[in-house]
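J.: Dropping in model-v2.cif, which is mmCIF, C-alpha atoms:
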```
data_structure
loop_
_atom_site.label_atom_id
_atom_site.label_comp_id
_atom_site.auth_asym_id
_atom_site.auth_seq_id
_atom_site.Cartn_x
_atom_site.Cartn_y
_atom_site.Cartn_z
CA MET P 1 5.01 -118.38 68.65
CA THR P 2 2.73 -119.66 71.40
CA SER P 3 1.11 -117.28 73.85
CA ARG P 4 3.56 -118.37 76.52
CA GLU P 5 6.52 -117.69 74.25
CA LEU P 6 5.12 -114.29 73.23
CA VAL P 7 4.68 -113.10 76.81
CA THR P 8 8.01 -114.49 78.00
CA ARG P 9 9.93 -112.99 75.08
CA THR P 10 8.21 -109.65 75.62
CA ILE P 11 9.09 -109.51 79.33
CA HIS P 12 12.71 -110.50 78.73
CA PHE P 13 13.27 -108.45 75.56
CA GLU P 14 13.83 -111.43 73.31
CA GLY P 15 11.83 -110.28 70.28
CA PRO P 16 8.16 -111.39 70.20
CA GLU P 17 6.51 -111.61 66.77
CA ARG P 18 3.43 -109.69 67.91
CA LEU P 19 2.20 -107.63 70.86
CA PRO P 20 0.78 -109.92 73.59
CA PHE P 21 -2.39 -109.07 75.46
CA THR P 22 -3.75 -110.18 78.82
CA GLY P 23 -6.69 -112.34 79.67
CA SER P 24 -8.82 -111.28 82.62
CA MET P 25 -7.00 -110.32 85.82
CA ALA P 26 -10.19 -110.74 87.88
CA GLU P 27 -11.17 -114.28 86.93
CA THR P 28 -9.76 -117.33 85.21
CA ASN P 29 -10.51 -117.39 81.49
CA PHE P 30 -8.62 -118.19 78.32
CA SER P 31 -9.40 -115.11 76.24
CA GLY P 32 -5.87 -113.70 76.09
CA ASP P 33 -2.22 -114.72 76.06
CA THR P 34 -2.21 -114.86 79.86
CA VAL P 35 -4.37 -116.96 82.18
CA ALA P 36 -4.93 -115.80 85.74
CA ILE P 37 -5.02 -118.40 88.48
CA PHE P 38 -5.96 -117.68 92.11
CA PRO P 39 -5.42 -119.42 95.44
CA ASP P 40 -8.78 -120.48 96.85
CA VAL P 41 -9.27 -118.34 99.96
CA GLY P 42 -12.66 -119.85 100.75
CA MET P 43 -14.66 -116.69 100.10
CA LYS P 44 -15.30 -114.04 97.48
CA TRP P 45 -16.41 -111.11 99.59
CA TRP P 46 -15.85 -108.66 96.71
CA LEU P 47 -18.62 -110.39 94.72
CA GLY P 48 -21.12 -110.67 97.53
CA GLY P 49 -21.56 -107.16 98.86
CA GLY P 50 -18.66 -107.20 101.31
CA GLY P 51 -17.64 -109.36 104.25
CA THR P 52 -14.61 -110.42 106.24
CA ASP P 53 -11.54 -111.69 104.39
CA GLU P 54 -9.15 -114.39 105.59
CA TRP P 55 -6.91 -111.81 107.25
CA GLY P 56 -9.77 -110.48 109.38
CA SER P 57 -10.37 -107.25 107.47
CA GLN P 58 -14.03 -106.26 107.19
CA TRP P 59 -14.91 -104.94 103.73
CA GLU P 60 -17.86 -102.68 103.04
CA ILE P 61 -19.16 -102.16 99.51
CA LYS P 62 -21.67 -99.39 98.89
CA GLN P 63 -24.97 -100.56 97.49
CA GLY P 64 -24.96 -100.48 93.72
CA HIS P 65 -21.15 -100.33 93.49
CA LYS P 66 -19.09 -103.08 91.91
CA ASP P 67 -15.63 -102.17 93.20
CA MET P 68 -13.72 -104.01 95.95
CA GLY P 69 -14.98 -101.65 98.66
CA GLN P 70 -13.16 -100.33 101.72
CA VAL P 71 -11.86 -101.81 104.96
CA LYS P 72 -13.85 -100.64 107.97
CA ASN P 73 -11.92 -102.15 110.89
CA ILE P 74 -8.42 -102.35 112.34
CA VAL P 75 -7.18 -105.89 112.93
CA LEU P 76 -3.83 -105.00 114.49
CA ASP P 77 -3.96 -101.85 116.58
CA ASP P 78 -0.38 -101.94 117.92
CA LEU P 79 2.59 -103.37 116.03
CA GLU P 80 4.04 -104.53 119.34
CA ASN P 81 1.47 -107.33 119.07
CA LEU P 82 2.30 -108.23 115.49
CA MET P 83 3.19 -111.85 116.26
CA ALA P 84 -0.41 -112.36 117.38
CA LEU P 85 -1.54 -111.59 113.85
CA LYS P 86 -2.60 -114.83 112.19
CA ILE P 87 -1.19 -115.15 108.70
CA PRO P 88 -3.30 -117.26 106.28
CA ASP P 89 -1.78 -120.69 105.73
CA ALA P 90 -0.38 -120.42 102.22
CA LEU P 91 0.93 -123.99 102.45
CA ALA P 92 -2.54 -125.53 102.81
CA PRO P 93 -3.16 -127.85 99.81
CA SER P 94 -6.86 -126.91 99.78
CA ARG P 95 -5.91 -123.47 98.43
CA TYR P 96 -4.67 -125.08 95.22
CA SER P 97 -7.11 -127.98 94.82
CA GLY P 98 -8.74 -126.53 91.71
CA TRP P 99 -5.53 -125.74 89.85
CA ALA P 100 -4.96 -129.07 88.08
CA GLU P 101 -7.77 -128.62 85.55
CA ILE P 102 -6.94 -124.96 84.92
CA LEU P 103 -3.29 -125.78 84.30
CA ARG P 104 -4.17 -128.67 82.03
CA HIS P 105 -6.34 -126.36 79.91
CA ALA P 106 -3.68 -123.61 79.90
CA GLU P 107 -0.99 -126.05 78.83
CA GLU P 108 -3.13 -127.42 76.02
CA GLU P 109 -3.38 -123.88 74.67
CA ASN P 110 0.24 -122.96 75.55
CA LYS P 111 -0.81 -119.98 77.67
CA TYR P 112 1.33 -117.96 80.07
CA VAL P 113 -0.09 -118.56 83.59
CA VAL P 114 -0.01 -115.83 86.24
CA CYS P 115 -0.77 -116.49 89.90
CA CYS P 116 -2.71 -113.45 91.12
CA ASN P 117 -2.30 -113.12 94.87
CA GLY P 118 -3.68 -109.73 95.81
CA PRO P 119 -2.14 -107.04 98.03
CA CYS P 120 1.57 -107.40 98.73
CA LEU P 121 3.07 -105.26 101.51
CA PHE P 122 1.87 -101.66 101.78
CA GLU P 123 -1.79 -102.31 101.03
CA ARG P 124 -1.92 -105.35 103.28
CA ALA P 125 -0.22 -103.38 106.06
CA HIS P 126 -2.73 -100.54 106.06
CA PHE P 127 -5.69 -102.89 105.53
CA LEU P 128 -4.67 -104.55 108.79
CA HIS P 129 -3.20 -101.67 110.77
CA GLY P 130 -5.09 -98.67 109.43
CA PHE P 131 -3.87 -96.19 106.85
CA GLU P 132 -2.94 -93.36 109.23
CA ASN P 133 -1.38 -95.74 111.76
CA THR P 134 0.76 -97.32 109.07
CA LEU P 135 2.07 -94.00 107.75
CA VAL P 136 2.84 -92.77 111.28
CA ASP P 137 4.72 -95.98 112.15
CA ILE P 138 6.73 -95.80 108.93
CA MET P 139 7.93 -92.39 110.05
CA THR P 140 8.35 -92.99 113.77
CA ARG P 141 8.93 -96.74 114.21
CA PRO P 142 10.69 -97.96 111.07
CA GLU P 143 12.31 -101.03 112.64
CA ILE P 144 9.12 -102.59 113.95
CA THR P 145 7.41 -101.66 110.68
CA ILE P 146 10.02 -103.74 108.86
CA ASP P 147 9.29 -106.63 111.24
CA PHE P 148 5.58 -106.23 110.43
CA LEU P 149 6.26 -106.31 106.69
CA ARG P 150 8.41 -109.41 106.98
CA HIS P 151 5.63 -111.08 108.97
CA ILE P 152 3.14 -110.24 106.19
CA GLY P 153 5.67 -111.22 103.54
CA ARG P 154 5.79 -114.80 104.84
CA TYR P 155 2.44 -115.34 103.15
CA HIS P 156 3.90 -114.56 99.71
CA LEU P 157 7.10 -116.51 100.33
CA ASP P 158 5.09 -119.57 101.38
CA THR P 159 2.78 -119.25 98.35
CA ILE P 160 5.73 -119.13 95.95
CA ARG P 161 7.45 -122.03 97.70
CA TYR P 162 4.29 -124.14 97.51
CA ILE P 163 4.01 -123.36 93.80
CA SER P 164 7.67 -124.22 93.26
CA ASP P 165 7.37 -127.53 95.09
CA ASN P 166 4.03 -128.65 93.67
CA PHE P 167 3.71 -126.98 90.26
CA PRO P 168 7.31 -126.59 89.08
CA GLY P 169 7.58 -124.81 85.74
CA ARG P 170 3.81 -124.53 85.34
CA ILE P 171 3.25 -121.05 86.83
CA HIS P 172 5.12 -118.41 84.87
CA GLY P 173 4.24 -115.14 86.62
CA TYR P 174 3.37 -113.92 90.11
CA ARG P 175 1.12 -110.84 90.30
CA CYS P 176 0.63 -108.64 93.36
CA THR P 177 -0.69 -105.14 93.98
CA ASP P 178 0.34 -102.14 96.05
CA ASP P 179 -1.08 -98.70 95.23
CA TRP P 180 1.80 -96.40 96.12
CA GLY P 181 0.90 -93.05 94.59
CA THR P 182 -1.28 -90.04 95.20
CA GLN P 183 -2.24 -87.85 92.28
CA ASN P 184 1.00 -85.90 92.57
CA SER P 185 3.60 -88.02 94.36
CA GLY P 186 4.35 -91.22 96.24
CA MET P 187 2.87 -91.96 99.66
CA ILE P 188 6.32 -91.88 101.28
CA SER P 189 9.74 -90.60 100.28
CA PRO P 190 12.00 -92.76 98.09
CA SER P 191 14.54 -92.89 100.92
CA LEU P 192 12.00 -94.39 103.33
CA PHE P 193 10.81 -96.77 100.63
CA ARG P 194 14.39 -97.93 100.04
CA LYS P 195 15.04 -98.41 103.76
CA ILE P 196 11.78 -100.05 104.86
CA PHE P 197 10.01 -101.66 101.91
CA GLN P 198 12.58 -102.44 99.24
CA PRO P 199 14.42 -105.18 101.20
CA VAL P 200 11.17 -107.08 101.85
CA TYR P 201 10.06 -106.76 98.23
CA ARG P 202 13.49 -108.04 97.19
CA ASP P 203 13.11 -111.14 99.36
CA ILE P 204 9.74 -111.96 97.77
CA PHE P 205 10.85 -111.18 94.21
CA ASP P 206 14.09 -113.15 94.63
CA CYS P 207 12.07 -116.12 95.84
CA ALA P 208 9.92 -115.92 92.70
CA HIS P 209 12.92 -115.65 90.40
CA LYS P 210 14.60 -118.65 92.02
CA ALA P 211 11.44 -120.60 91.19
CA GLY P 212 11.66 -119.45 87.56
CA ILE P 213 8.71 -117.08 87.95
CA ASP P 214 8.45 -113.49 86.64
CA VAL P 215 7.22 -110.74 89.00
CA TRP P 216 4.22 -108.64 87.94
CA MET P 217 3.03 -105.71 90.02
CA HIS P 218 0.15 -103.23 89.81
CA SER P 219 0.39 -99.79 91.34
CA CYS P 220 -1.81 -96.72 90.92
CA GLY P 221 -0.85 -93.08 91.24
CA GLN P 222 2.29 -91.03 90.65
CA ILE P 223 4.98 -93.60 91.45
CA TYR P 224 7.69 -92.38 89.06
CA GLU P 225 10.31 -92.02 91.82
CA ILE P 226 9.90 -95.55 93.18
CA ILE P 227 9.77 -97.43 89.86
CA PRO P 228 13.60 -97.66 89.81
CA LEU P 229 13.54 -99.01 93.38
CA LEU P 230 11.01 -101.69 92.45
CA MET P 231 13.17 -102.57 89.45
CA GLU P 232 16.20 -102.89 91.73
CA ALA P 233 14.14 -105.22 93.94
CA GLY P 234 13.46 -107.42 90.91
CA MET P 235 10.09 -106.36 89.47
CA ASP P 236 9.78 -107.55 85.85
CA VAL P 237 6.38 -106.13 84.78
CA ILE P 238 4.61 -102.99 85.98
CA ASN P 239 0.87 -102.55 85.47
CA LEU P 240 -0.04 -98.86 85.22
CA MET P 241 -3.61 -97.79 84.55
CA GLN P 242 -3.07 -94.03 84.95
CA PRO P 243 -0.18 -93.29 82.55
CA ASN P 244 -1.15 -89.64 81.93
CA ILE P 245 -0.24 -88.85 85.52
CA PHE P 246 3.50 -89.22 84.82
CA PRO P 247 3.03 -88.02 81.91
CA ILE P 248 3.44 -90.77 79.30
CA GLU P 249 6.60 -89.47 77.68
CA ASN P 250 8.47 -89.54 80.99
CA LEU P 251 8.12 -93.33 81.07
CA SER P 252 10.51 -93.59 78.11
CA VAL P 253 13.46 -93.56 80.52
CA PHE P 254 12.50 -97.14 81.43
CA ARG P 255 12.07 -98.33 77.83
CA GLY P 256 14.09 -101.45 77.18
CA LYS P 257 14.67 -102.02 80.91
CA LEU P 258 11.19 -102.76 82.26
CA CYS P 259 8.13 -104.40 80.75
CA PHE P 260 4.95 -102.30 80.88
CA GLU P 261 1.41 -103.67 81.04
CA MET P 262 -1.13 -100.99 80.05
CA CYS P 263 -4.15 -100.06 77.97
CA ALA P 264 -4.82 -96.32 78.34
CA ASP P 265 -5.68 -93.95 81.19
CA ALA P 266 -8.51 -95.31 83.36
CA GLN P 267 -8.96 -91.95 85.11
CA THR P 268 -9.49 -89.90 81.99
CA THR P 269 -9.38 -91.11 78.39
CA LEU P 270 -10.85 -94.58 78.90
CA VAL P 271 -13.79 -93.15 80.83
CA GLU P 272 -14.34 -90.33 78.34
CA GLY P 273 -14.13 -92.72 75.38
CA ASN P 274 -13.04 -90.20 72.71
CA LYS P 275 -11.66 -92.49 70.01
CA LYS P 276 -9.37 -89.96 68.39
CA ILE P 277 -7.74 -89.11 71.72
CA LEU P 278 -7.50 -92.78 72.67
CA ALA P 279 -5.82 -93.70 69.38
CA ASP P 280 -3.28 -90.94 69.90
CA GLU P 281 -2.68 -92.01 73.50
CA ILE P 282 -2.14 -95.64 72.51
CA GLN P 283 0.47 -94.60 69.95
CA ARG P 284 2.20 -92.39 72.52
CA LEU P 285 2.31 -95.33 74.96
CA LEU P 286 3.85 -97.61 72.36
CA ASP P 287 6.37 -94.96 71.32
CA ALA P 288 7.41 -94.22 74.91
CA CYS P 289 7.39 -97.70 76.42
CA CYS P 290 7.84 -100.34 73.75
CA ALA P 291 11.41 -101.28 72.81
CA GLU P 292 12.33 -102.91 69.51
CA ASN P 293 12.65 -106.31 71.17
CA GLY P 294 9.83 -106.24 73.71
CA GLY P 295 8.68 -104.47 76.84
CA PHE P 296 4.94 -103.89 76.34
CA ILE P 297 1.85 -106.03 77.05
CA GLU P 298 -1.61 -104.73 76.21
CA VAL P 299 -4.20 -104.85 78.97
CA LYS P 300 -7.25 -106.12 77.09
CA LEU P 301 -10.13 -104.60 79.00
CA ASP P 302 -12.84 -106.87 80.35
CA ARG P 303 -15.78 -106.98 82.75
CA MET P 304 -13.67 -105.82 85.71
CA TYR P 305 -13.04 -102.48 84.01
CA TYR P 306 -16.47 -102.12 82.45
CA GLU P 307 -18.28 -102.68 85.74
CA GLY P 308 -15.78 -101.27 88.22
CA ASP P 309 -14.42 -98.26 86.33
CA ASN P 310 -17.43 -97.24 84.22
CA ILE P 311 -15.61 -97.83 80.96
CA ALA P 312 -17.82 -98.61 77.97
CA GLU P 313 -17.37 -102.03 76.43
CA GLU P 314 -17.19 -100.37 73.02
CA THR P 315 -14.19 -98.38 74.26
CA GLY P 316 -12.38 -101.54 75.31
CA GLU P 317 -13.03 -103.16 71.93
CA PHE P 318 -11.79 -100.04 70.14
CA CYS P 319 -8.56 -100.01 72.16
CA HIS P 320 -7.90 -103.66 71.37
CA ARG P 321 -8.37 -103.02 67.65
CA GLU P 322 -6.00 -100.04 67.83
CA TYR P 323 -3.30 -102.10 69.52
CA ARG P 324 -3.66 -104.77 66.85
CA LEU P 325 -3.40 -102.16 64.07
CA ARG P 326 -0.43 -100.38 65.66
CA ASP P 327 1.38 -103.51 66.87
CA PRO P 328 5.06 -102.57 66.36
CA PHE P 329 6.30 -106.17 66.40
CA ARG P 330 3.84 -107.35 63.77
CA LEU P 331 4.37 -104.26 61.62
CA ARG P 332 8.12 -104.79 61.75
CA SER P 333 7.72 -108.45 60.81
CA ARG P 334 5.80 -107.48 57.67
CA VAL P 335 8.74 -105.65 56.15
CA GLY P 336 10.19 -107.65 53.28
CA ARG P 337 7.95 -110.69 53.85
CA SER P 338 5.35 -112.23 51.59
CA PRO P 339 1.74 -112.50 52.84
CA GLU P 340 1.92 -116.26 53.37
CA GLU P 341 4.90 -115.78 55.73
CA LEU P 342 3.14 -113.32 57.99
CA PRO P 343 2.01 -114.46 61.47
CA VAL P 344 -1.77 -114.44 61.67
CA LYS P 345 -2.65 -116.49 64.76
CA GLU P 346 -3.63 -114.61 67.96
#
```
Show me this structure written as structure tokens.
T.:
Amino acid sequence: MTSRELVTRTIHFEGPERLPFTGSMAETNFSGDTVAIFPDVGMKWWLGGGGTDEWGSQWEIKQGHKDMGQVKNIVLDDLENLMALKIPDALAPSRYSGWAEILRHAEEENKYVVCCNGPCLFERAHFLHGFENTLVDIMTRPEITIDFLRHIGRYHLDTIRYISDNFPGRIHGYRCTDDWGTQNSGMISPSLFRKIFQPVYRDIFDCAHKAGIDVWMHSCGQIYEIIPLLMEAGMDVINLMQPNIFPIENLSVFRGKLCFEMCADAQTTLVEGNKKILADEIQRLLDACCAENGGFIEVKLDRMYYEGDNIAEETGEFCHREYRLRDPFRLRSRVGRSPEELPVKE
């Protein structure tokens, strides 16, 4: 199977012959089964010590740190003025001018291509409106908050429509992020999430599906209660980098229904680097989340995690070897087959 076939069959529970693993989610490379591609926003403030992004948010990165930093301003103080908020022009051809060569390379290697397009709704809302302001308005002004989210959501709808019109069938996944959890629970109640956020997510995810594109989403924290709501909205793949918070075994309720994208716990075990504990955790993740016919993609750690999360490169290499050794699809394919029949290409 090609990389594209492996990832697609894993997401849709169609029986991959081995466990797929990601390429970098922070830059375009061809090291994994997936290739990340990014709209050109004209700046890379996260690499240059901070700056102002195309939405007007001012990012500050502490000296010596290599994370994305924090927003230090409020762009939209009052949601009554939301129509004055300038949404980046996702239909501008210049945003996609560098894609032709990347797609040519990806297609030569039969990779699964994911458009990574940053914050989706909740994160973008509080980056623009302030974290406290956003939470207060969710509670006290839900209707205008929905209007705000739909205004923000236009950016994602336009991006997907441009992709559909100009790169039909060549982009296979659409990745966005929204960190929804604290250490112990979600930021808001499931009922508020269902009322305010789920309909807007559904519009974006439906748009992707109509274009033949799978929906990938990252979210940190204890989001157990809203995972079913994101699934109802149409999310196909969930990226979780803190699985011990649930804990791991509780994720088994979604096995066979949702595709997981994980490595191990970036808060604890990956940072600590104890190989015995990591090997046990990887097996627990596979047992809890991987169905017989798919549902699990390994996050192959790279520079983003080594530099941003203080994870040792040796730890990332160890985890990748463990996933290859414990690969349930490949192990199953070995049963009753001669060595020359076994899949060996990665």
J.: Name the closest residue to Arg161 (chain P) among the candidates P:Pro16, P:Lys195, P:His126, P:Lys210; distances are taken between atoms, counting all atoms listed in the file.
T.: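 Closest to Arg161 (chain P), using all atoms listed in the file: P:Lys210.
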J.: Which residues are close to Leu85 (chain P), i.e. within 9 Å by all atoms listed in the file, leaving aside same-chain residues fewer than 6 positions away? Reply as a PyMOL selection string.
T.: chain P and resi 55+75-76+151
J.: Which residues fall under the PyMOL selection byres ((chain P and resi 287) around 12) in this file, as an NGL selection string?
T.: :P and (248-253 or 255-256 or 280-286 or 288-292 or 295-296 or 326-328)
J.: Determine the nearest neighbour of Ser3 (chain P) from the options P:Leu82, P:Ala106, P:Ala264, P:Ala26, counting all atoms listed in the file.
T.: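 Among the listed residues, P:Ala106 lies closest to Ser3 (chain P).
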J.: Under the PyMOL selection byres ((chain P and resi 153) around 8), which residues of this model are included? Write them out as a PyMOL selection string.
T.: chain P and resi 120-121+149-152+154-157+200+204
J.: For this file, the PyMOL selection byres ((chain P and resi 160) around 9) selects which residues, as a ChimeraX atom specification?
T.: /P:90,155-159,161-165,174,204,207-208,211,213
J.: Please report, as lines of an AutoDock Vina configuration file, the centre and edge lengths in Å to one decimal of an axis-aligned box covering all listed atoms of region 282-286 of chain P with 4 Å per side.
T.:
```
center_x = 0.9
center_y = -95.0
center_z = 72.5
size_x = 14.0
size_y = 13.2
size_z = 13.0
```
J.: Rounded to one decimal in Å, what is the spacing between CA of Pro142 (chain P) and CA of Leu192 (chain P)?
T.: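 Between CA of Pro142 (chain P) and CA of Leu192 (chain P) the gap is 8.6 Å.
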J.: Go through P:Ala312, P:Leu103, P:Val237, P:Met217 one by one, measure the shortest atom-to-atom distance of each to Phe30 (chain P) using only C-alpha atoms, and give the residue with the smallest value.
T.: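 Checking each of P:Ala312, P:Leu103, P:Val237, P:Met217 against Phe30 (chain P), counting only C-alpha atoms, the winner is P:Leu103.
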J.: Would you list the residues near (3.5, -98.0, 92.9), meaning any protein, DNA or RNA residue with an atom at most 9 Å from that point in file coordinates, counting all atoms listed in the file, as a list in words?
T.: Thr177, Asp178, Asp179, Trp180, Gly181, Gly186, Met217, His218, Ser219, Cys220, Gly221, Gln222, Ile223, Tyr224, Ile226, Ile227, Leu230, Ile238 and Leu240 of chain P
J.: Export C-alpha atoms of the chosen residues as an mmCIF file, in the coordinates of the input?
T.:
```
data_model
loop_
_atom_site.group_PDB
_atom_site.id
_atom_site.type_symbol
_atom_site.label_atom_id
_atom_site.label_comp_id
_atom_site.auth_asym_id
_atom_site.auth_seq_id
_atom_site.Cartn_x
_atom_site.Cartn_y
_atom_site.Cartn_z
ATOM 1 C CA THR P 177 -0.690 -105.140 93.980
ATOM 2 C CA ASP P 178 0.340 -102.140 96.050
ATOM 3 C CA ASP P 179 -1.080 -98.700 95.230
ATOM 4 C CA TRP P 180 1.800 -96.400 96.120
ATOM 5 C CA GLY P 181 0.900 -93.050 94.590
ATOM 6 C CA GLY P 186 4.350 -91.220 96.240
ATOM 7 C CA MET P 217 3.030 -105.710 90.020
ATOM 8 C CA HIS P 218 0.150 -103.230 89.810
ATOM 9 C CA SER P 219 0.390 -99.790 91.340
ATOM 10 C CA CYS P 220 -1.810 -96.720 90.920
ATOM 11 C CA GLY P 221 -0.850 -93.080 91.240
ATOM 12 C CA GLN P 222 2.290 -91.030 90.650
ATOM 13 C CA ILE P 223 4.980 -93.600 91.450
ATOM 14 C CA TYR P 224 7.690 -92.380 89.060
ATOM 15 C CA ILE P 226 9.900 -95.550 93.180
ATOM 16 C CA ILE P 227 9.770 -97.430 89.860
ATOM 17 C CA LEU P 230 11.010 -101.690 92.450
ATOM 18 C CA ILE P 238 4.610 -102.990 85.980
ATOM 19 C CA LEU P 240 -0.040 -98.860 85.220
#
```
J.: Using all atoms listed in the file, which of the listed residues (P:Asp236, P:Asp147, P:Glu27, P:Asp309) sits closest to Met83 (chain P)?
T.: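 For Met83 (chain P), the nearest of the candidates is P:Asp147.
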J.: Give the answer as one residue: which of P:Asp67, P:Glu123, P:Asp203, P:Asp89 has the shortest atom-to-atom distance to Tyr306 (chain P), using only C-alpha atoms?
T.: P:Asp67
J.: With distances taken over all atoms listed in the file, which residue among P:Thr10, P:Asn239, P:Gln183, P:Ser97 lies nearest Met25 (chain P)?
T.: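 Of P:Thr10, P:Asn239, P:Gln183, P:Ser97, the one nearest Met25 (chain P) is P:Asn239, counting all atoms listed in the file.
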J.: If I take CA of Val299 (chain P) and CA of Glu261 (chain P), how far is one from the other in Å, to one decimal?
T.: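 Separation between CA of Val299 (chain P) and CA of Glu261 (chain P): 6.1 Å.
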J.: Name the residues in contact with Ala266 (chain P) at a cut-off of 7 Å, using all atoms listed in the file, excluding same-chain residues fewer than 5 positions from it; report them as a CSV table (one decimal) with C-alpha atoms, in the frame of the given file.
T.:
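Resulting contents of result_12.csv:
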```csv
chain,number,residue,atom,x,y,z
P,241,MET,CA,-3.6,-97.8,84.6
P,242,GLN,CA,-3.1,-94.0,85.0
P,271,VAL,CA,-13.8,-93.2,80.8
```
J.: Using all atoms listed in the file, which residues sit within 12 Å of Asn310 (chain P) once same-chain residues fewer than 5 positions away are excluded, as a list of chain:residue names?
T.: P:His65, P:Lys66, P:Asp67, P:Ala266, P:Gln267, P:Thr268, P:Thr269, P:Leu270, P:Val271, P:Glu272, P:Gly273, P:Leu301, P:Asp302, P:Arg303, P:Met304, P:Tyr305, P:Thr315, P:Gly316
J.: With C-alpha atoms retained, could you export that selection as a CSV table (one decimal), in the coordinates of the input?
T.:
```
chain,number,residue,atom,x,y,z
P,65,HIS,CA,-21.2,-100.3,93.5
P,66,LYS,CA,-19.1,-103.1,91.9
P,67,ASP,CA,-15.6,-102.2,93.2
P,266,ALA,CA,-8.5,-95.3,83.4
P,267,GLN,CA,-9.0,-92.0,85.1
P,268,THR,CA,-9.5,-89.9,82.0
P,269,THR,CA,-9.4,-91.1,78.4
P,270,LEU,CA,-10.8,-94.6,78.9
P,271,VAL,CA,-13.8,-93.2,80.8
P,272,GLU,CA,-14.3,-90.3,78.3
P,273,GLY,CA,-14.1,-92.7,75.4
P,301,LEU,CA,-10.1,-104.6,79.0
P,302,ASP,CA,-12.8,-106.9,80.4
P,303,ARG,CA,-15.8,-107.0,82.8
P,304,MET,CA,-13.7,-105.8,85.7
P,305,TYR,CA,-13.0,-102.5,84.0
P,315,THR,CA,-14.2,-98.4,74.3
P,316,GLY,CA,-12.4,-101.5,75.3
```
J.: Would you work out the distance separating CA of Ile144 (chain P) from CA of Gly51 (chain P), expressed in Å to one decimal?
T.: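 So the two atoms, CA of Ile144 (chain P) and CA of Gly51 (chain P), lie 29.3 Å apart.
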J.: Determine, counting only C-alpha atoms, which protein, DNA and RNA residues have an atom within 10 Å of an atom of Pro228 (chain P); residues of the same chain fewer than 5 positions away are not included. Present the result as a list in words.
T.: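 Skipping anything fewer than 5 positions along the chain leaves Pro190, Ile223, Ala233, Gly234, Met235, Phe254, Lys257 and Leu258 of chain P.
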J.: Dump C-alpha atoms for the selected residues as a PDB file, in the frame of the given file?
T.:
```pdb
ATOM      1  CA  PRO P 190      12.000 -92.760  98.090  1.00  0.00           C
ATOM      2  CA  ILE P 223       4.980 -93.600  91.450  1.00  0.00           C
ATOM      3  CA  ALA P 233      14.140-105.220  93.940  1.00  0.00           C
ATOM      4  CA  GLY P 234      13.460-107.420  90.910  1.00  0.00           C
ATOM      5  CA  MET P 235      10.090-106.360  89.470  1.00  0.00           C
ATOM      6  CA  PHE P 254      12.500 -97.140  81.430  1.00  0.00           C
ATOM      7  CA  LYS P 257      14.670-102.020  80.910  1.00  0.00           C
ATOM      8  CA  LEU P 258      11.190-102.760  82.260  1.00  0.00           C
TER       9      LEU P 258
END
```
